[in-house]
$ cat target-v3.txt   # compact mmCIF, C-alpha atoms and all ligand atoms
# COMPACT_ATOMS: atom_id res chain seq x y z
CA MET A 1 135.08 129.98 96.76
CA LYS A 2 137.38 127.00 96.52
CA GLN A 3 139.47 127.60 99.59
CA GLY A 4 139.20 124.76 102.04
CA THR A 5 138.71 122.17 99.31
CA GLU A 6 142.43 122.11 98.61
CA GLY A 7 145.38 120.89 100.55
CA GLY A 8 144.61 117.23 101.29
CA THR A 9 141.84 115.61 103.24
CA ALA A 10 143.47 115.40 106.65
CA GLY A 11 140.50 116.45 108.71
CA MET A 12 138.36 118.12 106.07
CA ASN A 13 135.54 119.14 108.35
CA ILE A 14 132.15 119.96 106.88
CA LEU A 15 129.38 121.70 108.77
CA GLY A 16 126.03 120.27 107.65
CA ILE A 17 122.71 122.08 107.98
CA GLU A 18 119.31 120.43 107.51
CA THR A 19 115.92 122.20 107.67
CA SER A 20 113.86 120.56 104.91
CA CYS A 21 111.00 119.40 107.12
CA ASP A 22 110.39 119.56 110.87
CA GLU A 23 113.85 118.84 112.23
CA THR A 24 116.45 121.55 112.69
CA ALA A 25 119.69 119.63 112.45
CA ALA A 26 123.37 120.52 112.40
CA ALA A 27 126.41 118.26 112.28
CA VAL A 28 130.13 118.23 111.78
CA VAL A 29 131.54 115.36 109.71
CA ALA A 30 135.22 114.87 108.93
CA ASP A 31 136.27 113.48 105.55
CA GLY A 32 132.75 112.43 104.61
CA SER A 33 132.38 109.66 107.17
CA ASP A 34 133.69 110.51 110.61
CA VAL A 35 130.69 111.97 112.45
CA ARG A 36 132.10 114.41 115.02
CA SER A 37 128.68 115.69 116.06
CA SER A 38 125.10 115.29 114.89
CA LEU A 39 122.42 117.25 116.69
CA ILE A 40 118.71 117.30 115.97
CA SER A 41 116.07 119.61 117.39
CA SER A 42 112.68 118.10 116.70
CA GLN A 43 109.54 120.18 116.34
CA VAL A 44 107.36 117.14 116.66
CA LYS A 45 105.47 118.44 119.71
CA ILE A 46 104.53 121.64 117.90
CA HIS A 47 103.12 119.83 114.85
CA ALA A 48 101.47 117.07 116.89
CA ALA A 49 98.45 119.30 117.54
CA TYR A 50 97.84 119.41 113.76
CA GLY A 51 98.56 115.73 113.06
CA GLY A 52 101.16 116.70 110.44
CA VAL A 53 103.85 119.24 109.62
CA VAL A 54 102.65 122.83 109.08
CA PRO A 55 105.27 124.43 106.75
CA GLU A 56 105.06 127.97 108.06
CA LEU A 57 105.26 126.86 111.67
CA ALA A 58 108.25 124.69 110.74
CA ALA A 59 110.01 127.71 109.19
CA ARG A 60 109.46 129.85 112.27
CA GLU A 61 110.87 127.16 114.54
CA HIS A 62 113.89 126.63 112.27
CA LEU A 63 114.55 130.36 112.43
CA LYS A 64 114.64 130.24 116.22
CA ALA A 65 116.77 127.11 116.44
CA ILE A 66 119.22 127.20 113.55
CA ASP A 67 122.00 129.34 114.99
CA VAL A 68 121.85 127.61 118.37
CA MET A 69 122.04 124.21 116.67
CA ALA A 70 124.96 125.12 114.40
CA LYS A 71 126.95 126.49 117.34
CA ALA A 72 126.09 123.46 119.46
CA ALA A 73 127.23 121.11 116.69
CA LEU A 74 130.58 122.91 116.50
CA SER A 75 130.95 122.89 120.26
CA GLU A 76 130.12 119.19 120.56
CA ALA A 77 132.70 118.45 117.86
CA GLY A 78 135.22 120.42 119.94
CA MET A 79 135.63 122.87 117.07
CA GLU A 80 135.19 126.47 116.10
CA LEU A 81 134.31 127.93 112.73
CA ARG A 82 137.99 128.28 111.89
CA ASP A 83 138.30 124.46 112.04
CA ILE A 84 135.60 124.06 109.38
CA HIS A 85 136.51 123.70 105.69
CA GLY A 86 133.11 123.87 104.05
CA ILE A 87 129.36 124.20 104.58
CA ALA A 88 126.71 121.87 103.17
CA VAL A 89 123.01 122.61 103.35
CA THR A 90 119.90 120.79 102.17
CA SER A 91 118.62 122.68 99.13
CA GLU A 92 116.04 120.19 97.73
CA PRO A 93 113.52 118.65 97.99
CA GLY A 94 111.46 119.79 100.97
CA LEU A 95 109.03 122.33 102.34
CA VAL A 96 109.89 125.65 100.69
CA PRO A 97 109.59 127.92 103.76
CA ALA A 98 111.60 125.43 105.81
CA LEU A 99 114.36 125.01 103.20
CA LEU A 100 114.71 128.78 102.87
CA VAL A 101 115.72 129.13 106.51
CA GLY A 102 118.60 126.65 106.34
CA VAL A 103 119.82 127.85 102.95
CA SER A 104 119.70 131.52 103.93
CA TYR A 105 121.56 130.77 107.16
CA ALA A 106 124.21 128.76 105.31
CA LYS A 107 124.64 131.47 102.70
CA GLY A 108 125.08 134.09 105.41
CA LEU A 109 127.65 131.95 107.16
CA SER A 110 129.52 131.35 103.93
CA LEU A 111 129.51 135.06 103.12
CA ALA A 112 130.77 135.98 106.56
CA THR A 113 133.50 133.34 106.72
CA GLY A 114 134.47 132.82 103.08
CA LEU A 115 133.92 129.09 103.51
CA PRO A 116 132.87 127.17 100.40
CA LEU A 117 129.21 126.26 100.32
CA VAL A 118 127.24 123.55 98.58
CA GLY A 119 123.52 122.76 98.31
CA VAL A 120 122.78 119.08 98.85
CA ASN A 121 119.92 116.88 97.69
CA HIS A 122 118.14 115.56 100.78
CA VAL A 123 117.11 112.21 99.30
CA LEU A 124 120.56 111.41 97.93
CA ALA A 125 121.89 112.39 101.33
CA HIS A 126 119.59 109.79 102.90
CA VAL A 127 121.14 107.18 100.60
CA TYR A 128 124.66 108.35 101.48
CA GLY A 129 123.73 108.47 105.16
CA SER A 130 123.06 104.73 105.11
CA PHE A 131 126.79 104.21 104.55
CA LEU A 132 128.07 106.70 107.16
CA GLY A 133 130.91 105.11 109.07
CA ASN A 134 131.34 102.57 106.29
CA THR A 135 131.57 104.78 103.24
CA SER A 136 134.44 102.85 101.66
CA GLN A 137 131.79 100.42 100.36
CA LEU A 138 130.72 103.16 97.99
CA ARG A 139 134.10 103.10 96.26
CA ASP A 140 133.65 99.48 95.24
CA PRO A 141 132.17 99.14 91.74
CA GLN A 142 130.98 95.62 92.68
CA ARG A 143 128.45 97.20 95.02
CA TYR A 144 126.67 98.86 92.13
CA PRO A 145 124.04 99.37 90.84
CA ILE A 146 122.56 100.48 94.14
CA LEU A 147 118.81 100.42 94.46
CA ALA A 148 117.54 102.53 97.34
CA LEU A 149 114.11 102.72 98.88
CA ALA A 150 113.79 106.15 100.51
CA VAL A 151 110.73 106.20 102.72
CA SER A 152 109.71 109.03 105.02
CA GLY A 153 106.80 111.27 105.90
CA GLY A 154 107.35 113.13 102.63
CA HIS A 155 108.75 110.53 100.23
CA THR A 156 108.37 107.04 98.95
CA LEU A 157 110.97 106.68 96.23
CA LEU A 158 112.95 104.02 94.47
CA LEU A 159 116.32 105.43 93.39
CA LEU A 160 118.87 103.82 91.15
CA VAL A 161 122.54 104.78 91.46
CA GLN A 162 124.92 103.34 88.89
CA ALA A 163 128.67 102.82 89.18
CA ASP A 164 129.31 105.79 86.88
CA GLY A 165 127.41 107.95 89.37
CA ARG A 166 124.24 108.46 87.34
CA ALA A 167 121.25 108.55 89.66
CA ARG A 168 117.56 108.60 88.87
CA VAL A 169 114.14 107.94 90.29
CA VAL A 170 112.66 104.66 89.04
CA GLY A 171 109.55 104.58 91.23
CA ARG A 172 107.59 106.95 93.44
CA THR A 173 104.29 107.26 95.24
CA LEU A 174 101.38 108.63 93.27
CA ASP A 175 99.67 109.95 96.39
CA ASP A 176 100.62 109.57 100.08
CA ALA A 177 104.11 108.73 101.30
CA ALA A 178 104.53 105.56 103.37
CA GLY A 179 105.22 107.64 106.49
CA GLU A 180 101.98 109.52 105.88
CA ALA A 181 100.17 106.19 105.68
CA PHE A 182 101.42 105.42 109.19
CA ASP A 183 100.79 108.93 110.49
CA LYS A 184 97.26 109.02 109.10
CA ALA A 185 96.44 105.59 110.52
CA ALA A 186 97.43 106.83 113.96
CA LYS A 187 95.38 109.98 113.41
CA ILE A 188 92.28 107.98 112.41
CA LEU A 189 92.68 105.86 115.54
CA ASP A 190 93.55 108.86 117.70
CA LEU A 191 96.85 107.34 118.81
CA GLY A 192 99.14 110.37 118.57
CA TYR A 193 101.77 111.84 116.22
CA PRO A 194 104.01 110.84 114.55
CA GLY A 195 102.17 107.61 113.96
CA GLY A 196 104.98 105.43 112.61
CA PRO A 197 106.71 104.59 115.91
CA ILE A 198 103.34 104.10 117.65
CA VAL A 199 102.04 101.73 114.98
CA ASP A 200 105.35 99.87 115.04
CA ARG A 201 105.10 99.37 118.81
CA LEU A 202 101.44 98.38 119.01
CA ALA A 203 101.63 96.11 115.95
CA LYS A 204 104.12 93.86 117.77
CA ASN A 205 101.21 92.34 119.75
CA GLY A 206 98.98 91.83 116.74
CA ASP A 207 98.33 89.27 114.01
CA PRO A 208 99.49 90.62 110.64
CA LYS A 209 97.07 88.29 108.86
CA ALA A 210 93.97 89.33 110.83
CA VAL A 211 92.72 91.91 108.32
CA ALA A 212 93.20 91.81 104.53
CA PHE A 213 94.09 95.43 103.78
CA PRO A 214 94.51 96.47 100.12
CA ARG A 215 97.97 96.50 98.60
CA GLY A 216 98.07 99.51 96.29
CA LEU A 217 99.33 99.06 92.71
CA MET A 218 100.27 95.42 93.34
CA PRO A 219 99.12 93.01 90.63
CA ARG A 220 96.62 90.40 91.86
CA PRO A 221 94.58 87.72 90.10
CA GLY A 222 92.21 89.31 87.61
CA CYS A 223 93.61 92.79 88.20
CA GLY A 224 96.87 93.84 86.57
CA VAL A 225 98.80 97.06 87.03
CA ALA A 226 99.67 99.41 84.17
CA PRO A 227 103.32 98.82 83.19
CA GLU A 228 104.25 102.41 84.03
CA ASN A 229 103.01 101.88 87.59
CA ILE A 230 104.69 98.55 88.36
CA LEU A 231 107.37 100.36 90.41
CA ASN A 232 105.10 103.13 91.67
CA PHE A 233 103.22 103.18 94.96
CA SER A 234 99.82 104.23 96.21
CA PHE A 235 98.87 104.37 99.89
CA SER A 236 95.63 106.33 99.78
CA GLY A 237 93.45 103.19 99.41
CA ILE A 238 94.73 101.51 102.55
CA LYS A 239 94.10 104.62 104.60
CA THR A 240 90.49 104.78 103.36
CA ALA A 241 90.05 101.05 104.01
CA LEU A 242 91.17 101.58 107.60
CA LEU A 243 88.81 104.51 108.04
CA TYR A 244 85.80 102.48 106.83
CA ARG A 245 86.79 99.54 108.96
CA VAL A 246 87.06 101.37 112.28
CA GLN A 247 84.53 104.18 111.80
CA GLY A 248 82.02 104.23 114.65
CA ARG A 249 83.56 101.18 116.36
CA THR A 250 85.40 100.81 119.63
CA LEU A 251 88.26 98.37 119.23
CA SER A 252 89.51 96.14 122.01
CA ASP A 253 93.27 96.26 122.65
CA GLN A 254 93.70 93.01 120.71
CA GLU A 255 91.56 94.21 117.80
CA LEU A 256 93.61 97.40 117.68
CA ALA A 257 96.88 95.46 117.67
CA ASP A 258 95.58 93.09 114.96
CA THR A 259 94.36 95.97 112.82
CA LEU A 260 97.67 97.83 113.10
CA ALA A 261 99.78 94.71 112.51
CA SER A 262 97.76 93.96 109.36
CA TYR A 263 97.95 97.56 108.18
CA GLN A 264 101.69 97.64 108.73
CA GLU A 265 102.08 94.29 106.98
CA SER A 266 100.33 95.61 103.90
CA VAL A 267 102.58 98.70 103.72
CA VAL A 268 105.72 96.62 104.35
CA ASP A 269 104.70 93.98 101.81
CA VAL A 270 104.24 96.57 99.06
CA LEU A 271 107.48 98.39 99.91
CA VAL A 272 109.59 95.24 99.99
CA SER A 273 107.98 93.61 96.93
CA LYS A 274 108.47 96.66 94.74
CA THR A 275 112.02 97.25 95.96
CA LEU A 276 112.97 93.69 95.06
CA LEU A 277 111.20 93.94 91.73
CA ALA A 278 113.21 97.06 90.94
CA ALA A 279 116.42 95.41 92.20
CA GLU A 280 115.85 92.54 89.80
CA GLU A 281 114.91 94.77 86.88
CA TYR A 282 118.07 96.86 87.25
CA GLY A 283 120.42 94.10 88.42
CA ALA A 284 121.10 95.87 91.71
CA GLN A 285 123.91 94.40 93.81
CA THR A 286 123.03 96.47 96.85
CA VAL A 287 119.65 97.34 98.29
CA VAL A 288 119.50 100.35 100.61
CA LEU A 289 116.67 101.17 102.98
CA CYS A 290 116.63 104.77 104.23
CA GLY A 291 114.40 107.59 105.50
CA GLY A 292 112.36 107.80 108.69
CA VAL A 293 110.15 104.81 107.89
CA ALA A 294 113.33 102.71 107.64
CA CYS A 295 113.16 102.76 111.47
CA ASN A 296 110.17 100.42 111.23
CA SER A 297 111.21 97.14 112.83
CA ARG A 298 109.03 94.95 110.61
CA LEU A 299 110.21 96.68 107.43
CA ARG A 300 113.84 96.27 108.48
CA ASP A 301 113.39 92.55 109.19
CA VAL A 302 111.39 91.73 106.08
CA MET A 303 113.67 93.76 103.78
CA ALA A 304 116.84 92.23 105.24
CA ALA A 305 115.50 88.69 104.90
CA ALA A 306 114.11 89.19 101.40
CA ALA A 307 117.27 90.82 100.03
CA ALA A 308 119.46 88.13 101.62
CA ARG A 309 117.31 85.40 99.99
CA GLU A 310 118.09 87.00 96.64
CA ARG A 311 121.77 87.30 97.54
CA ARG A 312 121.74 91.06 97.37
CA THR A 313 123.68 93.05 99.94
CA VAL A 314 121.32 95.03 102.09
CA VAL A 315 122.36 98.25 103.82
CA ILE A 316 120.08 99.68 106.49
CA ALA A 317 121.36 102.57 108.58
CA PRO A 318 121.00 102.61 112.36
CA PRO A 319 117.76 104.47 113.22
CA LYS A 320 119.60 107.70 114.18
CA PHE A 321 120.81 108.00 110.57
CA CYS A 322 117.47 106.92 109.06
CA THR A 323 115.46 109.90 110.28
CA ASP A 324 116.37 113.40 109.14
CA ASN A 325 119.82 114.46 110.30
CA ALA A 326 122.58 116.79 109.19
CA ALA A 327 125.41 114.24 109.31
CA MET A 328 124.17 112.80 106.02
CA ILE A 329 124.13 116.33 104.55
CA ALA A 330 127.69 117.07 105.70
CA GLY A 331 128.81 113.63 104.46
CA LEU A 332 127.43 114.07 100.96
CA GLY A 333 128.53 117.73 101.03
CA PHE A 334 132.14 116.61 101.51
CA HIS A 335 132.01 114.70 98.21
CA GLU A 336 130.20 117.53 96.43
CA LEU A 337 132.94 119.93 97.47
CA ARG A 338 135.74 117.47 96.64
CA ALA A 339 134.20 117.07 93.19
CA GLY A 340 134.53 120.83 92.73
CA ARG A 341 130.84 121.54 92.95
CA ALA A 342 130.96 124.44 95.40
CA ALA A 343 128.07 126.79 94.69
CA GLY A 344 127.92 130.56 94.49
CA LEU A 345 125.59 132.49 96.74
CA ASP A 346 122.90 132.52 94.05
CA PHE A 347 121.76 128.89 94.14
CA SER A 348 118.09 128.27 94.67
CA ILE A 349 115.99 125.68 96.44
CA GLY A 350 113.67 123.03 95.02
CA ALA A 351 110.44 121.69 96.47
CA ARG A 352 110.23 118.60 94.30
CA LEU A 353 112.60 115.90 93.21
CA PRO A 354 113.34 115.65 89.48
CA GLU A 355 113.43 112.17 87.84
CA ASP A 356 117.03 112.65 86.72
CA LEU A 357 119.29 113.31 89.69
CA GLY A 358 122.45 113.90 87.68
CA THR A 359 125.60 112.22 88.92
CA VAL A 360 126.42 111.54 92.53
CA PRO A 361 129.96 112.53 93.59
CA PHE A 362 130.53 109.47 95.80
CA ALA A 363 130.45 106.91 92.99
CA PRO A 364 133.62 104.86 92.22
CA GLN A 365 134.53 106.94 89.21
CA TYR A 366 135.08 109.90 91.50
CA ALA A 367 137.28 107.79 93.80
CA ASP A 368 140.28 110.10 93.15
CA SER A 369 138.50 112.95 94.86
CA TRP A 370 138.20 110.87 98.05
CA GLU A 371 141.94 110.96 98.52
O1 LIG A 401 112.77 111.05 107.44
P1 LIG A 401 111.85 111.59 108.49
O2 LIG A 401 112.45 111.80 109.86
O3 LIG A 401 111.24 112.97 108.09
C1 LIG A 401 110.67 113.23 106.87
O4 LIG A 401 109.44 112.96 106.74
O5 LIG A 401 111.40 113.68 105.95
O6 LIG A 401 110.60 110.60 108.58
C2 LIG A 401 109.51 110.80 109.44
C3 LIG A 401 108.49 109.73 109.13
C4 LIG A 401 107.16 109.93 109.86
O7 LIG A 401 106.10 109.76 108.95
C5 LIG A 401 107.18 108.83 110.90
O8 LIG A 401 105.89 108.37 111.26
C6 LIG A 401 107.97 107.75 110.20
O9 LIG A 401 108.98 108.44 109.52
N1 LIG A 401 108.53 106.78 111.13
C7 LIG A 401 108.16 105.49 111.18
C8 LIG A 401 108.87 104.90 112.26
N2 LIG A 401 109.67 105.85 112.81
C9 LIG A 401 109.46 107.00 112.10
N3 LIG A 401 107.29 104.81 110.43
C10 LIG A 401 107.10 103.51 110.73
N4 LIG A 401 107.72 102.87 111.76
C11 LIG A 401 108.62 103.53 112.53
N5 LIG A 401 109.24 102.89 113.53
ZN ZN A 402 114.15 112.85 105.12
$ encode --input "target-v3.txt" --output "structure tokens" --more "lines below"
Ligand code: KG4
Ligand code: ZN
Amino acid sequence: MKQGTEGGTAGMNILGIETSCDETAAAVVADGSDVRSSLISSQVKIHAAYGGVVPELAAREHLKAIDVMAKAALSEAGMELRDIHGIAVTSEPGLVPALLVGVSYAKGLSLATGLPLVGVNHVLAHVYGSFLGNTSQLRDPQRYPILALAVSGGHTLLLLVQADGRARVVGRTLDDAAGEAFDKAAKILDLGYPGGPIVDRLAKNGDPKAVAFPRGLMPRPGCGVAPENILNFSFSGIKTALLYRVQGRTLSDQELADTLASYQESVVDVLVSKTLLAAEEYGAQTVVLCGGVACNSRLRDVMAAAAARERRTVVIAPPKFCTDNAAMIAGLGFHELRAGRAAGLDFSIGARLPEDLGTVPFAPQYADSWE
């Protein structure tokens, strides 16, 4: 299963497949950074009726879309399967029924073509995706340690990546993800789904100081936080606070904007504060913001300003590489294959993210395999 990983990198094209949540995505990336195509079919309209992603529905939609998307990604890249040197597919973490579709498709394709295959960690791919187009930064040991905040509808994680490639989770949410906090706020206020972009837009006209929403697991006078939770998150309290505040009331447009701006400010404040706390604790040189919530305009601004104040380099991907996509999967897959980590057809999927993420193959100590 190693063919295609040998013979130099000139145009080592990887087909990436992503089906961990509600986006069916396929992409072709050359040499880990040159995005030849990146296509996303969103199921958002289907899940909107439920106010969140329904795993079985997601799987059915992936099944319908996956082959069309993979072929379209090849066609948009101006390639055929014979131009591809390897296949990378998201294997963890994610919704089990959804992951199974992408992984089964990728295994079938690998079996039929003999192309090497690798299962890729979705969250590490988000981190890698922040550097797409500028991946040479990852070869520079001075950029490490990297502290990444991965925030989406399913995750709120602080990840540490060291120059030797070791990666681990140093903080995570104990309940809702930050994206869920936005989605549930929009659901409570009957604003539509997904809530994040709607809250972002409406909050622009509001006063972020109008309402004092709780800031979960943040120390405040007279109320400390258990040491083990200093870098963890909790967003269930703010959601409940919003519910109590608006229940049975009709808000004017300005009240709505003020409420959302304040809500958003609380989420952003907690995310940025804890990221910087972790960056300090681990001496991070680079702070990365990734995942769907990294599209949030206020979060981007506050994180960029705060990291710059502390003289840390901040890397925030353009929005198209923040939300789920397959270019990040193909990009990380390139390095996995170059590091000789091609999988057999018997690899499994994982719903959850372990604390210890092993070693990432894009770290400086693997620089030889980039060549
Ligand atoms: O990474 P992603 O596309 O999918 C996964 O959940 O894995 O992230 C989707 C999440 C949703 O919760 C959505 O509301 C949130 O990202 N989101 C935003 C914004 N754009 C997307 N949240 C806040 N502000 C935004 N502009
Ligand atoms: Zn994601």
$ residues_around --input "target-v3.txt" --residues "segment 186-195 of chain A" --least-positions-apart "2" --cutoff "9 Å" --atoms "all atoms listed in the file" --output "PyMOL selection string"
chain A and resi 44-45+47-52+179-184+197-200+239+242-243+246-247+256
$ closest_residue --input "target-v3.txt" --among "A:Val288, A:Met328, A:Leu260, A:Ala294" --to "ligand LIG 401 (chain A)" --atoms "all atoms listed in the file"
A:Ala294
$ atom_distance --input "target-v3.txt" --atom1 "atom CA of Pro97 of chain A" --atom2 "atom CA of Ile349 of chain A"
10.0 Å
$ atom_distance --input "target-v3.txt" --atom1 "atom CA of Gly283 of chain A" --atom2 "atom CA of Ser152 of chain A"
24.8 Å
$ residues_around --input "target-v3.txt" --residues "segment 122-139 of chain A" --least-positions-apart "4" --cutoff "9 Å" --atoms "all atoms listed in the file" --output "ChimeraX atom specification"
/A:18,20,32-35,89-94,143-144,148-150,155,157,159,163,167,288-291,315-318,321-325,327-333,353,357,360,362-367,370
$ closest_residue --input "target-v3.txt" --among "A:Ala25, A:Ala210, A:Ala306, A:Ala203" --to "Lys71 of chain A" --atoms "only C-alpha atoms"
A:Ala25
$ atom_distance --input "target-v3.txt" --atom1 "atom CA of Leu115 of chain A" --atom2 "atom CA of Gln43 of chain A"
29.0 Å
$ residues_near_point --input "target-v3.txt" --point "(124.3, 123.2, 94.7)" --cutoff "7 Å" --atoms "all atoms listed in the file" --output "PDB file with C-alpha atoms, in the frame of the given file"
ATOM      1  CA  VAL A 118     127.240 123.550  98.580  1.00  0.00           C
ATOM      2  CA  GLY A 119     123.520 122.760  98.310  1.00  0.00           C
ATOM      3  CA  VAL A 120     122.780 119.080  98.850  1.00  0.00           C
ATOM      4  CA  ARG A 341     130.840 121.540  92.950  1.00  0.00           C
ATOM      5  CA  ALA A 342     130.960 124.440  95.400  1.00  0.00           C
ATOM      6  CA  ALA A 343     128.070 126.790  94.690  1.00  0.00           C
ATOM      7  CA  PHE A 347     121.760 128.890  94.140  1.00  0.00           C
TER       8      PHE A 347
END
$ axis_aligned_box --input "target-v3.txt" --around "ligand LIG 401 (chain A)" --padding-each-side "5 Å" --output "AutoDock Vina command-line options"
--center_x 109.3 --center_y 108.3 --center_z 109.7 --size_x 16.9 --size_y 20.8 --size_z 17.6
$ closest_residue --input "target-v3.txt" --among "A:Ala226, A:Leu345, A:Val151, A:Val96" --to "ligand ZN 402 (chain A)" --atoms "all atoms listed in the file"
A:Val151
$ residues_around --input "target-v3.txt" --residues "Ala106 of chain A" --least-positions-apart "4" --cutoff "7 Å" --atoms "all atoms listed in the file" --output "PyMOL selection string"
chain A and resi 87+89+102+110
$ closest_residue --input "target-v3.txt" --among "A:Asp368, A:Asp67, A:Asp253, A:Asp269" --to "Ala178 of chain A" --atoms "only C-alpha atoms"
A:Asp269
$ closest_residue --input "target-v3.txt" --among "A:Asn121, A:Asn13, A:Asn296, A:Thr173" --to "Pro361 of chain A" --atoms "all atoms listed in the file"
A:Asn121
$ closest_residue --input "target-v3.txt" --among "A:Arg82, A:His62, A:Lys274, A:Arg245" --to "Leu147 of chain A" --atoms "all atoms listed in the file"
A:Lys274
